[in-house]
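Enquirer: Below you'll find the structure I mean.
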Amino acid sequence: MDAPNADQFLIDQVRDGDQNAWRQLIDRYEGRLVAFARTRARGLADAEDLVQETFVGLLQSLSRFDNRRSLETYLFTILRYKIVDQLRARKMTTVHAPEESADWWDHVMPLDSETPSDILADRETRDDFENRLAELLRRLIHDLRDREAFDDLSVIELVFFKGMRNLDVGNLFDIDQKAVAGIKFRAIQKLQKYLAESDDPEKKLTETEADVTVARVWREKRLTCLKRSTLGSHLLGVLEDPWNRYTQFHLDVVSCPMCLANLSDLEVTESEQGRQLSESIFASSIGFLSRASNPGS
């Protein structure tokens with residue numbers, strides 16, 4: 001069973017109050033969530049507390065969870081907002097994160113008006129255009145991957161996902177910034193072509209939508225995040241180029257925190273400490289399971 005179907009099966013079982021399915025779901029995601037939280041929390045204990053709250057948050061919002069969404073992304077989203085909540089409660093103004101990942105964190109920090117309940121409830125009603133744009137971006141990314149045009153993909157990922165300037169991207173790849181602008185222009189033109197072929201042929205990407213909306217959709221939908229199987233093959237040294245080079249680029253240059261968390265989780269074998277945390281999360285959240293399976297109670 002592939003990952004999305006396995007997640008769907010577990011969610012359906014959890015909704016029915018299946019304790020074994022809930023334990024499996026915790027075991028499946030606890031490691032990567034802790035790895036993510038540890039780079040932003042003040043210590044391991046804080047990170048584990050945040051992950052524990054994240055699983056409780058999942059149960060509390062289970063009746064609103066859209067099965068078409070990625071469960072992994074949903075959990076990371078809840079965790080991000082739990083981290084921000086903790087920082088605000090402590091009146092901290094900066095995130096305890098490695099310097100090299102600060103630019104990523106700036107992109108995912110919520111607006112002052114946003115709350116965890118906003119992210120859990122309102123994200124279910126995204127604008128139709130942004131959903132369609134996400135599908136078109138996936139089509140563009142898949143086309144570049146199928147053609148093994150990883151250099152072009154890397155450039156537009158830095159421009160949109162990382163929000164880097166053309167000049168900085170050009171310096172990184174040792175190419176003229178005009179060449180970077182050309183790659184970005186061709187990508188936007190391709191998106192315009194896809195839009196023209198869609199059910200709303202009159203819709204065009206404005207300059208603001210190209211620079212802001214595309215970037216936000218790319219980040220929120222994690223359009224270039226790597227599969228765990230790809231990360232596993234990379235770890236084992238059996239992933240062939242150019243996929244291996246692109247994977248290294250995504251980890252080292254893009255510094256995608258979710259992919260780095262997954263990589264860290266894959267690198268660490270299950271320890272007794274990890275098992276104790278899993279049991280602690282299960283014990284602390286089991287009371288919410290009955291409420292999640294009986295939302296009217």
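Chain labels run A, B, ... following the order of the structure tokens; each chain numbers its residues from 1, and ligands are numbered from 1 in the order shown.
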If we count only C-alpha atoms and set the cut-off at 12 Å, which residues sit around Arg291 (chain A), ignoring sequence neighbours fewer than 6 positions away in its own chain? Please answer as a compact mmCIF listing (two decimals) with N, CA and C atoms, in the first residue's frame.
Expert:
# COMPACT_ATOMS: atom_id res chain seq x y z
N VAL A 14 -8.75 5.38 12.65
CA VAL A 14 -8.72 6.26 13.83
C VAL A 14 -10.08 6.91 14.03
N ARG A 15 -10.72 7.31 12.96
CA ARG A 15 -12.06 7.90 13.07
C ARG A 15 -13.06 6.91 13.67
N ASP A 16 -12.77 5.63 13.50
CA ASP A 16 -13.64 4.60 14.09
C ASP A 16 -13.23 4.25 15.51
N GLY A 17 -12.20 4.95 16.03
CA GLY A 17 -11.76 4.73 17.40
C GLY A 17 -10.77 3.60 17.57
N VAL A 56 -2.33 15.61 19.43
CA VAL A 56 -3.61 15.95 20.06
C VAL A 56 -4.38 16.90 19.14
N LEU A 58 -4.24 17.04 15.94
CA LEU A 58 -4.80 16.25 14.83
C LEU A 58 -6.12 15.62 15.24
N LEU A 59 -6.15 15.00 16.41
CA LEU A 59 -7.39 14.37 16.88
C LEU A 59 -8.50 15.40 17.05
N GLN A 60 -8.15 16.56 17.59
CA GLN A 60 -9.16 17.59 17.83
C GLN A 60 -9.74 18.15 16.53
N SER A 61 -8.99 18.08 15.46
CA SER A 61 -9.45 18.62 14.18
C SER A 61 -9.81 17.53 13.18
N LEU A 62 -9.88 16.28 13.64
CA LEU A 62 -10.06 15.17 12.73
C LEU A 62 -11.37 15.26 11.94
N SER A 63 -12.41 15.79 12.55
CA SER A 63 -13.69 15.88 11.85
C SER A 63 -13.62 16.86 10.68
N SER A 285 -2.74 11.09 24.49
CA SER A 285 -3.72 11.46 23.48
C SER A 285 -4.89 10.50 23.37
N SER A 297 -20.24 13.78 20.88
CA SER A 297 -20.31 13.47 22.32
C SER A 297 -19.76 14.60 23.16
Enquirer: Counting only C-alpha atoms, give me one row per residue of region 159-270 of chain A with an atom at most 6 Å from an atom of region 24-37 of chain A, showing the shortest contact pair and its distance in Å to one decimal, sorted by chain then residue number, as a tab-separated table.
Expert:
residue	atom	partner	partner_atom	distance
A:Ala261	CA	A:Phe36	CA	4.9
A:Asn262	CA	A:Arg32	CA	5.0
A:Asp265	CA	A:Arg32	CA	5.0
Enquirer: As a ChimeraX atom specification, please: every residue in region 131-238 of chain A that a backbone DSSP assignment puts in alpha helix (DSSP H).
Expert: /A:131-146,150-156,166-173,177-197,207-208,214-221,228-236
Enquirer: Mind checking which residues fall within 10 Å of Lys82 (chain A), counting only C-alpha atoms, ignoring those fewer than 6 positions away in the same chain, and posting them as a list of chain:residue names?
Expert: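 What passes the distance filter is A:Ala37, A:Asp49, A:Leu50, A:Val51, A:Glu53, A:Thr54, A:Gly57, A:Phe76, A:Arg88, A:Thr115, A:Pro116.
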Enquirer: Using C-alpha atoms, can you export the residues from the last selection as a PDB file, in the first residue's frame?
Expert:
ATOM      1  CA  ALA A  37      10.794  20.534  16.056  1.00  0.00           C
ATOM      2  CA  ASP A  49       6.077  18.409  24.033  1.00  0.00           C
ATOM      3  CA  LEU A  50       5.302  20.218  20.782  1.00  0.00           C
ATOM      4  CA  VAL A  51       4.984  16.962  18.866  1.00  0.00           C
ATOM      5  CA  GLU A  53       0.496  18.648  21.229  1.00  0.00           C
ATOM      6  CA  THR A  54       0.542  18.223  17.456  1.00  0.00           C
ATOM      7  CA  GLY A  57      -4.305  18.785  17.608  1.00  0.00           C
ATOM      8  CA  PHE A  76       3.842  19.638   9.824  1.00  0.00           C
ATOM      9  CA  ARG A  88       4.409  33.985  21.448  1.00  0.00           C
ATOM     10  CA  THR A 115      -4.191  31.429  14.857  1.00  0.00           C
ATOM     11  CA  PRO A 116      -3.898  27.636  14.990  1.00  0.00           C
TER      12      PRO A 116
END
Enquirer: What lies within 9 Å of region 125-139 of chain A using only C-alpha atoms, ignoring chain neighbours under 2 positions off, as a list in words?
Expert: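 Result of the neighbour search: Ala121, Asp122, Arg123, Ile141, His142, Asp143, Leu144, Leu191, Tyr194, Leu195, Ser198, Thr213, Val214, Val217, Trp218, Lys221, Leu223 and Thr224 of chain A.
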Enquirer: Could you save the residues just selected, with N, CA and C atoms, as a tab-separated table (two decimals), in the first residue's frame?
Expert:
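New file again.tsv:
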chain	number	residue	atom	x	y	z
A	121	ALA	N	-9.03	25.19	10.34
A	121	ALA	CA	-10.39	25.29	9.81
A	121	ALA	C	-10.45	25.95	8.45
A	122	ASP	N	-9.73	27.08	8.30
A	122	ASP	CA	-9.91	27.87	7.10
A	122	ASP	C	-9.14	27.37	5.90
A	123	ARG	N	-8.07	26.62	6.11
A	123	ARG	CA	-7.30	26.12	4.99
A	123	ARG	C	-8.11	25.13	4.14
A	141	ILE	N	6.56	21.11	-12.96
A	141	ILE	CA	7.66	20.44	-12.26
A	141	ILE	C	7.87	19.04	-12.79
A	142	HIS	N	6.79	18.30	-12.99
A	142	HIS	CA	6.91	16.94	-13.53
A	142	HIS	C	7.50	16.96	-14.93
A	143	ASP	N	7.12	17.96	-15.73
A	143	ASP	CA	7.67	18.07	-17.08
A	143	ASP	C	9.18	18.29	-17.03
A	144	LEU	N	9.63	19.16	-16.14
A	144	LEU	CA	11.07	19.40	-16.00
A	144	LEU	C	11.79	18.16	-15.50
A	191	LEU	N	3.22	28.25	-17.55
A	191	LEU	CA	2.04	28.28	-16.69
A	191	LEU	C	0.89	29.02	-17.37
A	194	TYR	N	-0.64	26.66	-19.79
A	194	TYR	CA	-1.49	25.69	-19.10
A	194	TYR	C	-2.82	26.31	-18.70
A	195	LEU	N	-2.76	27.55	-18.22
A	195	LEU	CA	-3.99	28.24	-17.83
A	195	LEU	C	-4.91	28.43	-19.02
A	198	SER	N	-6.90	25.49	-19.68
A	198	SER	CA	-7.75	25.04	-18.59
A	198	SER	C	-9.18	25.50	-18.81
A	213	THR	N	1.90	34.70	-5.34
A	213	THR	CA	0.98	33.57	-5.23
A	213	THR	C	1.66	32.25	-5.59
A	214	VAL	N	2.42	32.24	-6.68
A	214	VAL	CA	3.14	31.02	-7.07
A	214	VAL	C	4.07	30.59	-5.95
A	217	VAL	N	1.97	29.15	-2.97
A	217	VAL	CA	1.41	27.84	-3.30
A	217	VAL	C	2.50	26.78	-3.34
A	218	TRP	N	3.64	27.13	-3.90
A	218	TRP	CA	4.77	26.19	-3.98
A	218	TRP	C	5.17	25.74	-2.59
A	221	LYS	N	2.12	23.79	-0.64
A	221	LYS	CA	1.83	22.46	-1.20
A	221	LYS	C	3.07	21.56	-1.23
A	223	LEU	N	5.64	21.38	-3.22
A	223	LEU	CA	5.59	20.81	-4.56
A	223	LEU	C	6.86	20.08	-4.96
A	224	THR	N	8.00	20.42	-4.38
A	224	THR	CA	9.24	19.73	-4.73
A	224	THR	C	9.83	18.95	-3.56
Enquirer: Check the smallest atom-to-atom distance from each of A:Leu79, A:Ala3, A:Leu87, A:Ala47 to Arg228 (chain A) using only C-alpha atoms, then report the winner.
Expert: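 Looking only at the distances to Arg228 (chain A), the closest residue turns out to be A:Ala3.
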Enquirer: With distances taken over only C-alpha atoms, which of A:Ala45, A:Val268, A:Val169, A:Met258 is nearest to Tyr74 (chain A)?
Expert: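 Among the listed residues, A:Met258 lies closest to Tyr74 (chain A).
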Enquirer: Quick one: residues within 8 Å of Ile183 (chain A), only C-alpha atoms, excluding same-chain residues fewer than 3 positions away - as an MDAnalysis selection string?
Expert: chainID A and resid 152 155:156 179:180 186:187
Enquirer: Given the choices A:Gln192, A:Gly163, A:Thr230, A:Ser154, which gets closest to Asp252 (chain A) if the distance is worked out from only C-alpha atoms?
Expert: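 Among A:Gln192, A:Gly163, A:Thr230, A:Ser154, it is A:Ser154 that comes nearest to Asp252 (chain A).
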Enquirer: What does the structure give for the distance between CA of Gly182 (chain A) and CA of Asn166 (chain A), in Å to one decimal?
Expert: 10.0 Å
Enquirer: Quick one: of A:Glu220, A:Ala6, A:Asp151, A:Thr206, who's nearest to Thr73 (chain A), counting only C-alpha atoms?
Expert: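 Comparing A:Glu220, A:Ala6, A:Asp151, A:Thr206 against Thr73 (chain A), the winner is A:Glu220.
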